[in-house]
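> Got a structure for you, data.txt, holding compact mmCIF, C-alpha atoms.
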# COMPACT_ATOMS: atom_id res chain seq x y z
CA MET A 1242 98.99 90.32 35.99
CA SER A 1243 98.38 86.58 35.95
CA ALA A 1244 95.89 85.01 33.55
CA ALA A 1245 93.60 84.10 36.48
CA LYS A 1246 93.51 87.67 37.73
CA LYS A 1247 92.84 89.01 34.24
CA GLU A 1248 89.92 86.61 34.02
CA ASP A 1249 88.52 87.92 37.33
CA VAL A 1250 88.77 91.52 36.10
CA VAL A 1251 86.97 90.69 32.87
CA GLU A 1252 84.28 88.83 34.79
CA ALA A 1253 83.82 91.82 37.16
CA ASP A 1254 83.38 94.12 34.18
CA ARG A 1255 80.57 91.92 32.93
CA THR A 1256 78.62 91.94 36.21
CA GLY A 1257 77.39 94.49 38.71
CA ILE A 1258 77.35 98.21 38.04
CA ASN A 1259 79.77 97.97 35.14
CA THR A 1260 77.09 96.27 33.07
CA LEU A 1261 75.18 99.56 32.97
CA ASN A 1262 75.57 101.72 29.90
CA ASP A 1263 77.04 105.22 30.10
CA ASP A 1264 73.66 106.96 30.30
CA CYS A 1265 72.57 104.88 33.31
CA LEU A 1266 75.86 105.46 35.10
CA MET A 1267 75.64 109.19 34.49
CA HIS A 1268 72.09 109.25 35.85
CA ILE A 1269 73.32 107.61 39.07
CA ILE A 1270 76.31 109.93 39.39
CA GLN A 1271 74.05 112.96 39.13
CA PHE A 1272 72.61 112.10 42.56
CA LEU A 1273 76.03 112.06 44.24
CA PRO A 1274 77.41 114.99 46.26
CA ILE A 1275 80.55 116.81 45.17
CA VAL A 1276 83.04 114.76 47.21
CA ASP A 1277 81.80 111.44 45.82
CA ARG A 1278 81.72 112.76 42.25
CA VAL A 1279 85.40 113.63 42.53
CA ARG A 1280 86.32 110.34 44.21
CA ILE A 1281 84.84 108.12 41.53
CA GLU A 1282 87.01 109.82 38.93
CA GLY A 1283 89.82 107.55 40.13
CA VAL A 1284 87.98 104.27 39.54
CA CYS A 1285 88.85 103.93 35.86
CA LYS A 1286 89.09 105.95 32.65
CA ARG A 1287 85.49 105.20 31.74
CA TRP A 1288 84.17 106.44 35.08
CA LEU A 1289 86.41 109.49 34.86
CA ALA A 1290 84.94 110.46 31.48
CA ILE A 1291 81.35 109.84 32.62
CA SER A 1292 81.85 111.71 35.89
CA LEU A 1293 83.31 114.77 34.16
CA ASP A 1294 80.45 114.74 31.65
CA SER A 1295 77.86 114.46 34.46
CA TRP A 1296 78.72 117.93 35.75
CA ARG A 1297 76.65 119.33 32.89
CA SER A 1298 73.54 118.76 35.00
CA PHE A 1299 75.05 120.38 38.11
CA LYS A 1300 73.36 123.79 38.19
CA ILE A 1301 73.29 124.87 41.86
CA LEU A 1302 76.28 125.17 44.19
CA ASN A 1303 76.01 126.08 47.87
CA PHE A 1304 77.90 125.50 51.10
CA GLU A 1305 75.62 123.00 52.79
CA SER A 1306 76.83 119.57 53.87
CA GLU A 1307 74.30 117.83 51.62
CA CYS A 1308 75.75 119.51 48.54
CA TRP A 1309 79.36 118.63 49.34
CA GLY A 1310 78.83 115.25 51.01
CA PHE A 1311 80.90 115.77 54.15
CA ASN A 1312 79.82 113.55 57.04
CA ASN A 1313 81.14 116.11 59.51
CA PRO A 1314 79.76 119.65 58.92
CA GLU A 1315 82.95 121.00 60.49
CA THR A 1316 84.82 119.92 57.37
CA LEU A 1317 83.04 122.67 55.43
CA THR A 1318 84.96 125.25 57.43
CA LYS A 1319 88.19 123.94 55.87
CA LEU A 1320 87.16 124.70 52.31
CA ASN A 1321 89.58 127.16 50.76
CA ARG A 1322 89.95 128.92 47.45
CA ARG A 1323 92.16 126.20 45.94
CA ILE A 1324 89.56 123.47 46.53
CA PHE A 1325 86.75 125.72 45.39
CA LYS A 1326 88.53 126.52 42.13
CA LYS A 1327 89.01 122.80 41.41
CA VAL A 1328 85.26 122.27 41.76
CA LEU A 1329 84.48 125.29 39.59
CA ASN A 1330 86.87 123.98 36.96
CA ARG A 1331 84.57 120.97 36.61
CA CYS A 1332 81.12 122.55 36.84
CA GLY A 1333 81.54 126.32 36.59
CA SER A 1334 80.43 126.72 32.99
CA PHE A 1335 77.20 124.84 33.75
CA LEU A 1336 76.27 126.58 37.00
CA THR A 1337 73.33 128.97 37.13
CA SER A 1338 73.28 129.52 40.92
CA ILE A 1339 75.92 129.94 43.65
CA GLU A 1340 75.13 130.70 47.28
CA PHE A 1341 78.01 131.62 49.58
CA THR A 1342 76.13 130.97 52.80
CA GLY A 1343 77.70 129.35 55.82
CA PRO A 1344 81.37 128.77 56.61
CA THR A 1345 83.11 130.69 53.82
CA GLU A 1346 85.78 132.55 55.81
CA ARG A 1347 88.74 130.78 54.21
CA LEU A 1348 87.73 131.62 50.65
CA GLY A 1349 89.12 135.17 50.86
CA PRO A 1350 87.80 138.55 49.65
CA ASN A 1351 88.67 137.86 46.00
CA ILE A 1352 86.83 134.56 45.60
CA LEU A 1353 84.36 136.19 43.22
CA ASN A 1354 87.23 136.46 40.75
CA SER A 1355 87.08 132.67 40.44
CA VAL A 1356 83.32 132.81 39.94
CA ALA A 1357 83.81 135.34 37.17
CA SER A 1358 86.47 133.19 35.52
CA PHE A 1359 84.62 129.87 35.57
CA CYS A 1360 80.91 130.76 35.67
CA PRO A 1361 79.84 132.91 32.70
CA ASN A 1362 76.26 131.62 32.85
CA ILE A 1363 75.56 132.39 36.49
CA GLN A 1364 72.12 133.93 37.10
CA HIS A 1365 71.74 133.70 40.87
CA LEU A 1366 74.72 134.90 42.93
CA ASP A 1367 74.41 135.19 46.70
CA ALA A 1368 77.59 136.57 48.26
CA SER A 1369 75.87 137.96 51.35
CA ASP A 1370 78.04 135.96 53.78
CA LEU A 1371 81.28 137.04 52.13
CA GLU A 1372 83.40 140.13 52.64
CA VAL A 1373 84.41 140.93 49.09
CA SER A 1374 86.83 143.35 47.50
CA PRO A 1375 85.79 146.07 45.03
CA TRP A 1376 88.23 144.54 42.56
CA SER A 1377 86.36 141.22 42.56
CA LEU A 1378 83.09 143.07 41.93
CA ARG A 1379 84.69 144.75 38.93
CA VAL A 1380 85.73 141.36 37.53
CA ILE A 1381 82.15 140.09 38.00
CA SER A 1382 80.88 143.08 36.02
CA GLU A 1383 83.24 142.25 33.15
CA ARG A 1384 82.51 138.53 32.84
CA CYS A 1385 79.05 137.82 34.26
CA ASN A 1386 76.20 139.53 32.43
CA LYS A 1387 73.27 137.17 33.02
CA LEU A 1388 72.54 137.95 36.67
CA VAL A 1389 68.89 137.98 37.70
CA TYR A 1390 69.50 137.82 41.47
CA PHE A 1391 72.48 139.42 43.20
CA ALA A 1392 73.12 139.59 46.95
CA ILE A 1393 76.18 141.05 48.62
CA GLY A 1394 77.47 141.51 52.16
CA ASN A 1395 80.22 143.81 53.33
CA CYS A 1396 83.03 145.13 51.14
CA THR A 1397 86.61 145.82 52.08
CA ASP A 1398 86.37 149.36 50.64
CA ASP A 1399 84.06 151.77 48.80
CA CYS A 1400 82.10 149.76 46.29
CA ASP A 1401 79.38 151.97 44.75
CA TYR A 1402 81.28 152.40 41.50
CA GLU A 1403 81.92 148.68 41.11
CA LEU A 1404 78.28 147.88 41.87
CA SER A 1405 77.31 150.40 39.20
CA LEU A 1406 79.40 148.45 36.71
CA ILE A 1407 77.61 145.22 37.67
CA PHE A 1408 74.22 146.86 37.21
CA GLU A 1409 75.23 148.30 33.83
CA SER A 1410 76.32 144.90 32.53
CA ASN A 1411 73.34 142.99 33.93
CA ARG A 1412 70.27 144.57 32.41
CA GLU A 1413 67.95 141.69 33.40
CA LEU A 1414 68.62 142.01 37.14
CA LYS A 1415 65.36 141.61 39.06
CA ARG A 1416 66.41 141.28 42.70
CA LEU A 1417 69.13 143.18 44.58
CA CYS A 1418 69.99 142.44 48.24
CA VAL A 1419 72.66 144.25 50.28
CA TYR A 1420 73.25 143.10 53.85
CA SER A 1421 75.47 144.61 56.56
CA ASN A 1422 77.49 146.65 54.10
CA PHE A 1423 79.16 149.61 55.77
CA GLU A 1424 80.59 151.11 52.58
CA VAL A 1425 77.71 151.35 50.10
CA THR A 1426 75.92 154.71 49.90
CA GLY A 1427 73.28 153.88 47.30
CA GLU A 1428 74.75 156.01 44.52
CA CYS A 1429 74.99 152.84 42.44
CA LEU A 1430 71.19 152.63 42.21
CA LYS A 1431 71.07 155.07 39.31
CA LYS A 1432 72.57 152.35 37.09
CA LEU A 1433 69.86 149.79 37.82
CA ASN A 1434 67.55 148.97 34.94
CA GLY A 1435 64.23 150.42 36.06
CA ASP A 1436 62.37 148.28 33.53
CA THR A 1437 63.37 144.97 35.16
CA ILE A 1438 64.20 145.52 38.85
CA GLU A 1439 61.47 144.11 41.11
CA SER A 1440 63.05 143.91 44.55
CA ILE A 1441 65.57 146.10 46.41
CA ILE A 1442 66.71 145.19 49.92
CA PHE A 1443 69.18 147.16 52.05
CA GLU A 1444 69.55 145.86 55.60
CA ASN A 1445 72.00 147.31 58.10
CA CYS A 1446 73.71 149.67 55.65
CA PRO A 1447 74.46 152.73 57.80
CA SER A 1448 76.18 154.67 55.02
CA ILE A 1449 73.08 154.66 52.82
CA SER A 1450 71.91 158.10 51.75
CA LEU A 1451 68.21 158.28 50.98
CA GLU A 1452 68.76 160.98 48.37
CA HIS A 1453 69.97 158.24 46.02
CA PHE A 1454 66.62 156.48 46.23
CA ASN A 1455 64.91 159.16 44.18
CA VAL A 1456 65.54 156.88 41.19
CA VAL A 1457 62.82 154.49 42.39
CA ARG A 1458 60.33 156.89 40.86
CA GLY A 1459 61.23 155.36 37.50
CA PHE A 1460 61.20 151.72 38.61
CA CYS A 1461 57.95 150.65 36.97
CA LYS A 1462 58.08 147.00 38.15
CA LEU A 1463 59.29 147.50 41.71
CA LYS A 1464 57.33 145.18 44.04
CA GLN A 1465 59.49 145.13 47.16
CA LEU A 1466 61.57 147.78 48.90
CA VAL A 1467 63.34 147.11 52.20
CA LEU A 1468 65.32 149.79 54.03
CA GLU A 1469 66.32 148.58 57.45
CA HIS A 1470 68.69 150.26 59.87
CA PHE A 1471 69.50 153.35 57.84
CA HIS A 1472 70.72 156.70 59.19
CA ASP A 1473 69.41 159.34 56.82
CA SER A 1474 66.23 161.40 56.85
CA ASN A 1475 65.92 162.82 53.36
CA THR A 1476 62.25 163.71 53.19
CA ASP A 1477 61.78 163.86 49.41
CA THR A 1478 62.59 160.18 49.15
CA MET A 1479 59.29 159.25 50.78
CA LYS A 1480 57.47 161.06 47.98
CA ASP A 1481 59.52 159.17 45.40
CA ILE A 1482 58.71 155.85 47.07
CA SER A 1483 55.02 156.70 47.20
CA SER A 1484 55.05 157.18 43.41
CA CYS A 1485 55.49 153.40 43.04
CA SER A 1486 51.88 152.81 44.07
CA SER A 1487 50.89 150.65 41.11
CA ASN A 1488 53.20 147.69 41.83
CA LEU A 1489 54.83 148.11 45.25
CA LYS A 1490 53.43 145.42 47.56
CA TYR A 1491 56.13 144.95 50.23
CA LEU A 1492 57.62 147.93 52.05
CA THR A 1493 59.98 148.00 55.01
CA LEU A 1494 61.20 151.24 56.59
CA ALA A 1495 62.47 149.90 59.88
CA LEU A 1496 65.04 150.71 62.54
CA CYS A 1497 65.14 154.37 61.59
CA PRO A 1498 66.28 156.65 64.44
CA PHE A 1499 65.54 159.90 62.56
CA TYR A 1500 62.25 161.68 62.03
CA LEU A 1501 60.82 161.45 58.51
CA ASN A 1502 58.26 164.22 58.25
CA SER A 1503 56.81 163.05 54.94
CA LEU A 1504 56.27 159.43 55.93
CA GLN A 1505 52.53 160.00 55.47
CA CYS A 1506 53.17 159.69 51.72
CA ILE A 1507 53.27 155.91 52.03
CA ALA A 1508 49.50 155.97 52.56
CA ASN A 1509 49.39 156.50 48.78
CA LEU A 1510 50.66 152.95 48.29
CA THR A 1511 47.22 151.47 47.98
CA ASN A 1512 48.41 148.07 46.71
CA LEU A 1513 50.62 147.31 49.71
CA LYS A 1514 50.26 143.85 51.22
CA ILE A 1515 53.10 143.89 53.78
CA LEU A 1516 54.24 146.97 55.71
CA ASP A 1517 57.05 146.92 58.28
CA LEU A 1518 57.61 150.17 60.17
CA SER A 1519 59.09 148.63 63.31
CA SER A 1520 61.42 150.79 65.41
CA ASN A 1521 60.68 153.85 63.30
CA VAL A 1522 60.43 157.00 65.43
CA SER A 1523 58.32 158.75 62.78
CA VAL A 1524 55.37 156.39 63.11
CA ASP A 1525 52.43 157.98 64.91
CA ASP A 1526 48.64 157.85 65.03
CA GLU A 1527 48.21 160.28 62.14
CA LEU A 1528 50.17 158.03 59.81
CA LEU A 1529 48.39 154.85 60.89
CA VAL A 1530 44.98 156.42 60.45
CA LEU A 1531 45.93 157.31 56.88
CA VAL A 1532 47.30 153.82 56.24
CA GLY A 1533 44.17 152.19 57.65
CA ALA A 1534 41.96 154.38 55.47
CA ASN A 1535 43.85 153.91 52.20
CA CYS A 1536 45.84 150.66 52.24
CA LYS A 1537 42.97 148.20 52.39
CA LEU A 1538 44.91 145.30 50.86
CA LEU A 1539 47.39 145.03 53.72
CA LYS A 1540 47.82 141.52 55.09
CA GLN A 1541 50.77 142.07 57.43
CA VAL A 1542 51.70 145.12 59.51
CA ASP A 1543 54.59 145.52 61.94
CA ILE A 1544 54.64 148.63 64.15
CA SER A 1545 56.63 147.12 67.01
CA TYR A 1546 58.68 149.52 69.13
CA CYS A 1547 56.91 152.58 67.68
CA ASN A 1548 56.33 154.29 71.01
CA ALA A 1549 54.33 157.24 69.68
CA VAL A 1550 51.45 154.95 68.71
CA THR A 1551 48.30 154.97 70.86
CA ASN A 1552 44.95 153.21 70.62
CA THR A 1553 43.81 155.72 68.00
CA GLY A 1554 46.40 154.56 65.46
CA LEU A 1555 46.21 150.90 66.42
CA ALA A 1556 42.42 150.87 66.01
CA SER A 1557 42.82 151.98 62.41
CA ILE A 1558 45.19 149.10 61.67
CA VAL A 1559 42.98 146.58 63.46
CA SER A 1560 40.11 147.59 61.17
CA LEU A 1561 41.96 146.51 58.01
CA PRO A 1562 39.68 143.95 56.29
CA ASN A 1563 42.40 141.53 55.08
CA LEU A 1564 44.84 141.67 58.00
CA GLU A 1565 46.45 138.28 58.74
CA SER A 1566 49.54 139.21 60.76
CA LEU A 1567 49.92 142.07 63.25
CA PHE A 1568 53.07 142.80 65.27
CA VAL A 1569 52.85 145.39 68.04
CA GLU A 1570 55.68 144.40 70.38
CA ASP A 1571 56.63 146.69 73.24
CA LEU A 1572 53.97 149.36 72.64
CA ASN A 1573 53.29 150.86 76.06
CA ASN A 1574 50.74 153.48 74.99
CA VAL A 1575 48.19 150.96 73.70
CA ASP A 1576 45.96 148.47 75.47
CA ASP A 1577 43.49 145.68 74.69
CA GLU A 1578 40.41 147.91 74.32
CA VAL A 1579 40.90 148.30 70.56
CA PHE A 1580 40.60 144.60 69.79
CA ARG A 1581 37.45 143.23 68.23
CA ALA A 1582 36.51 140.58 65.68
CA MET A 1583 39.35 140.07 63.21
CA PRO A 1584 38.16 137.12 61.12
CA THR A 1585 41.21 136.99 58.84
CA LEU A 1586 43.83 137.29 61.61
CA ARG A 1587 46.26 134.37 61.82
CA GLN A 1588 48.96 135.68 64.14
CA MET A 1589 49.50 138.61 66.47
CA ASP A 1590 52.45 139.54 68.65
CA CYS A 1591 51.76 141.74 71.68
CA SER A 1592 54.85 140.72 73.63
CA TYR A 1593 56.10 143.26 76.19
CA CYS A 1594 52.95 145.40 75.86
CA SER A 1595 52.58 146.38 79.49
CA ASN A 1596 48.93 147.49 79.30
CA MET A 1597 47.43 144.40 77.71
CA ARG A 1598 44.69 142.88 79.86
CA ASP A 1599 42.34 139.92 79.62
CA ALA A 1600 39.08 141.52 78.47
CA GLY A 1601 40.03 142.74 75.00
CA LEU A 1602 42.17 139.70 74.26
CA VAL A 1603 39.31 137.41 75.25
CA ARG A 1604 37.04 139.22 72.78
CA LEU A 1605 39.66 138.82 70.10
CA ILE A 1606 40.10 135.07 70.68
CA GLU A 1607 36.36 134.46 70.75
CA ALA A 1608 35.75 136.32 67.49
CA SER A 1609 38.86 135.30 65.51
CA GLU A 1610 38.61 131.59 64.91
CA ASN A 1611 41.36 131.55 62.26
CA MET A 1612 44.03 132.80 64.64
CA GLU A 1613 46.91 130.35 65.00
CA HIS A 1614 49.47 132.27 67.09
CA LEU A 1615 49.04 134.82 69.86
CA PHE A 1616 52.27 136.04 71.44
CA LEU A 1617 51.77 137.53 74.92
CA SER A 1618 55.17 137.00 76.47
CA ASN A 1619 55.97 139.42 79.29
CA CYS A 1620 52.44 140.84 79.37
CA LYS A 1621 52.20 141.02 83.14
CA LYS A 1622 48.53 142.01 83.40
CA ILE A 1623 46.99 138.93 81.80
CA SER A 1624 45.79 136.06 83.98
CA ASN A 1625 44.21 132.63 83.96
CA GLU A 1626 40.95 134.26 82.93
CA LEU A 1627 42.44 134.55 79.44
CA LEU A 1628 43.46 130.89 79.44
CA GLU A 1629 40.02 129.72 80.51
CA ALA A 1630 38.37 131.83 77.82
CA ALA A 1631 40.76 130.42 75.21
CA ILE A 1632 39.87 126.88 76.26
CA ARG A 1633 36.16 127.57 75.91
CA ALA A 1634 36.47 129.43 72.61
CA THR A 1635 38.72 126.94 70.85
CA LYS A 1636 36.53 124.00 71.88
CA LYS A 1637 33.82 125.57 69.71
CA ARG A 1638 36.04 125.84 66.63
CA THR A 1639 34.67 123.92 63.68
CA ASN A 1640 37.60 124.65 61.34
CA GLN A 1641 40.03 122.57 63.47
CA VAL A 1642 42.58 125.41 63.53
CA VAL A 1643 44.83 125.08 66.58
CA LEU A 1644 45.55 128.26 68.55
CA LYS A 1645 49.02 128.46 70.05
CA LEU A 1646 49.30 130.80 73.03
CA HIS A 1647 52.81 132.01 73.82
CA LEU A 1648 52.70 132.96 77.50
CA SER A 1649 56.25 132.95 78.83
CA ASN A 1650 56.94 135.34 81.71
CA THR A 1651 53.28 135.97 82.51
CA ASP A 1652 51.15 135.25 85.57
CA VAL A 1653 49.20 132.52 83.78
CA ARG A 1654 49.47 129.18 85.58
CA LEU A 1655 48.75 126.07 83.52
CA SER A 1656 48.42 123.98 86.66
CA LYS A 1657 45.30 125.95 87.59
CA ALA A 1658 43.52 125.44 84.26
CA SER A 1659 40.10 123.84 84.62
CA GLY A 1660 40.43 121.72 81.51
CA THR A 1661 41.93 121.41 78.04
CA SER A 1662 40.93 121.94 74.43
CA PRO A 1663 41.99 119.89 71.41
CA PHE A 1664 42.50 123.14 69.50
CA LEU A 1665 44.62 124.98 72.06
CA ARG A 1666 48.34 124.69 72.75
CA VAL A 1667 50.21 126.72 75.33
CA VAL A 1668 53.85 126.92 74.28
CA PRO A 1669 56.99 128.66 75.49
CA MET A 1670 58.31 131.64 73.56
CA ILE A 1671 59.88 130.60 70.25
CA VAL A 1672 62.12 132.44 67.83
CA ILE A 1673 62.29 131.56 64.16
CA THR A 1674 64.98 132.93 61.84
CA HIS A 1675 64.19 133.66 58.20
CA VAL A 1676 65.34 135.98 55.43
CA GLY A 1677 68.34 137.10 57.46
CA LYS A 1678 66.51 138.70 60.37
CA LEU A 1679 64.98 137.71 63.67
CA ALA A 1680 61.34 137.11 62.96
CA ARG A 1681 58.08 135.62 64.13
CA VAL A 1682 56.37 132.59 62.74
CA ASN A 1683 56.25 132.94 58.99
CA LEU A 1684 52.72 132.37 57.75
CA ALA A 1685 53.13 133.81 54.28
Here is the file; what I need is its structure written in the form of structure tokens.

Amino acid sequence: MSAAKKEDVVEADRTGINTLNDDCLMHIIQFLPIVDRVRIEGVCKRWLAISLDSWRSFKILNFESECWGFNNPETLTKLNRRIFKKVLNRCGSFLTSIEFTGPTERLGPNILNSVASFCPNIQHLDASDLEVSPWSLRVISERCNKLVYFAIGNCTDDCDYELSLIFESNRELKRLCVYSNFEVTGECLKKLNGDTIESIIFENCPSISLEHFNVVRGFCKLKQLVLEHFHDSNTDTMKDISSCSSNLKYLTLALCPFYLNSLQCIANLTNLKILDLSSNVSVDDELLVLVGANCKLLKQVDISYCNAVTNTGLASIVSLPNLESLFVEDLNNVDDEVFRAMPTLRQMDCSYCSNMRDAGLVRLIEASENMEHLFLSNCKKISNELLEAAIRATKKRTNQVVLKLHLSNTDVRLSKASGTSPFLRVVPMIVITHVGKLARVNLA
């Protein structure tokens, strides 16, 4: 290098970003995504050392474009195990959270082996979008013992034993989520630490046997239990679940095609705040009357697609003093006569309820000024009378809460409305996805 060029290099080192000390440079690097962190390692030896040291502050790894820094989201689909291991080699020992959500197909069923090898301090592990092998679960159980949150998707083979090993080695586990796993039976639950577990979620796990859920009787801190799309009707389990009355606040027993003749036991759960019994053939008026009489703290109830329900059961739920969200989709044995003032109600979904008419819904709108969403899609018996009443009622609102009427596929014609209201919006049907399932507007 010529003397002139050497002089230019020295001058460059004395100006610009190179004048910053190591701490300042590291602070800047901490804001960079993964791709840029790796790229700057090639600038010079100093930047290499600072960049490698900056990974100490990198605690959360996911598969979103913002985390990796790819301009084209499609590039994420090309991530493979080799690239992932190189990243873990830099930051794995500092990570506390990994979420395998999104395009993870090329990582392979044994990718959790790499997590176990590089990430001994991991506390939050979401593998719900992966199909993992039982062997990789065994490796996790051997090397990761600080898990507080663990989520898993499908396995390539039977996995109850391996899950048991994970639960035995992670005694501080608080939240367990299992999604679309066709192998797990629930036998692993007996190894959960009943003194720490707070949330158990099983969605779309057809091999689940309810007899294994008798262990919940000893789970003193259990706050949430979700069983969705299960194919077992063990009746004693309902009694075991009902024994968790002191702490259980969120209960889902949905998409159950079998009759559960002791479902009435859930009326003993007097501290419930959210209850989802949608698509459960066991739900009838007798149960809802008991729930309405005993579960006074309920804020959200979903009894959609429970075709045995009539006005008798629905009236009991409507009378709940703290009810904020009510979902009664596709109930053809109920009508609008049960509706009255519901001052705490914020959203209600009556979509596909063929007997809903204007009169009762008008009463509800007039007396429920906190209501923000009313879903009436495919309710063929409502008319512009409802729209006119909504315009008049919302004009009188003093709390400035806007009511959104969802009226797709009805006989209501906006063009015939006599006026407008600043606190009324008529919107097409919307669908919002959250927590892995198709859901309504989340007002929690």
> Contacts of Ser1662 of chain A at 9 Å or less, counting all atoms listed in the file, minus same-chain residues fewer than 5 places along, as a list in words?
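Here the answer would be Ala1631, Ile1632, Arg1633, Ala1634, Thr1635 and Lys1636 of chain A.
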> Find the residue from A:Arg1278, A:Lys1326, A:Arg1379, A:His1453 that sits nearest to Ile1407 of chain A; use only C-alpha atoms when measuring.
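With only C-alpha atoms as the atom set, the closest residue is A:Arg1379.
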> Please compute the atom CA of Glu1607 of chain A-atom CA of Lys1621 of chain A distance, one decimal, in Å.
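Result for atom CA of Glu1607 of chain A versus atom CA of Lys1621 of chain A: 21.2 Å, one decimal.
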> Would you compute the distance between atom CA of Glu1469 of chain A and atom CA of Ile1438 of chain A? Give it in Å to one decimal.
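Distance reported for this atom pair: 19.0 Å.
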> Rank A:Thr1553, A:Ser1609, A:Thr1426, A:Ser1483 by their smallest atom-to-atom distance to Gln1588 of chain A, using all atoms listed in the file, and report the top residue only.
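Counting all atoms listed in the file, the residue closest to Gln1588 of chain A is A:Ser1609.
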> Do you know which residues are at most 10 Å from Leu1615 of chain A counting all atoms listed in the file, after dropping those on the same chain fewer than 4 positions away, and could you put them as a PyMOL selection string?
chain A and resi 1567+1587-1592+1602+1606+1644-1648+1667
> Based on the selection just made, write C-alpha atoms of those residues as a short mmCIF file (atom, residue, chain, number, x, y, z; two decimals), in the coordinates of the input.

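Result saved to result-v2.cif:
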data_model
loop_
_atom_site.label_atom_id
_atom_site.label_comp_id
_atom_site.auth_asym_id
_atom_site.auth_seq_id
_atom_site.Cartn_x
_atom_site.Cartn_y
_atom_site.Cartn_z
CA LEU A 1567 49.92 142.07 63.25
CA ARG A 1587 46.26 134.37 61.82
CA GLN A 1588 48.96 135.68 64.14
CA MET A 1589 49.50 138.61 66.47
CA ASP A 1590 52.45 139.54 68.65
CA CYS A 1591 51.76 141.74 71.68
CA SER A 1592 54.85 140.72 73.63
CA LEU A 1602 42.17 139.70 74.26
CA ILE A 1606 40.10 135.07 70.68
CA LEU A 1644 45.55 128.26 68.55
CA LYS A 1645 49.02 128.46 70.05
CA LEU A 1646 49.30 130.80 73.03
CA HIS A 1647 52.81 132.01 73.82
CA LEU A 1648 52.70 132.96 77.50
CA VAL A 1667 50.21 126.72 75.33
#
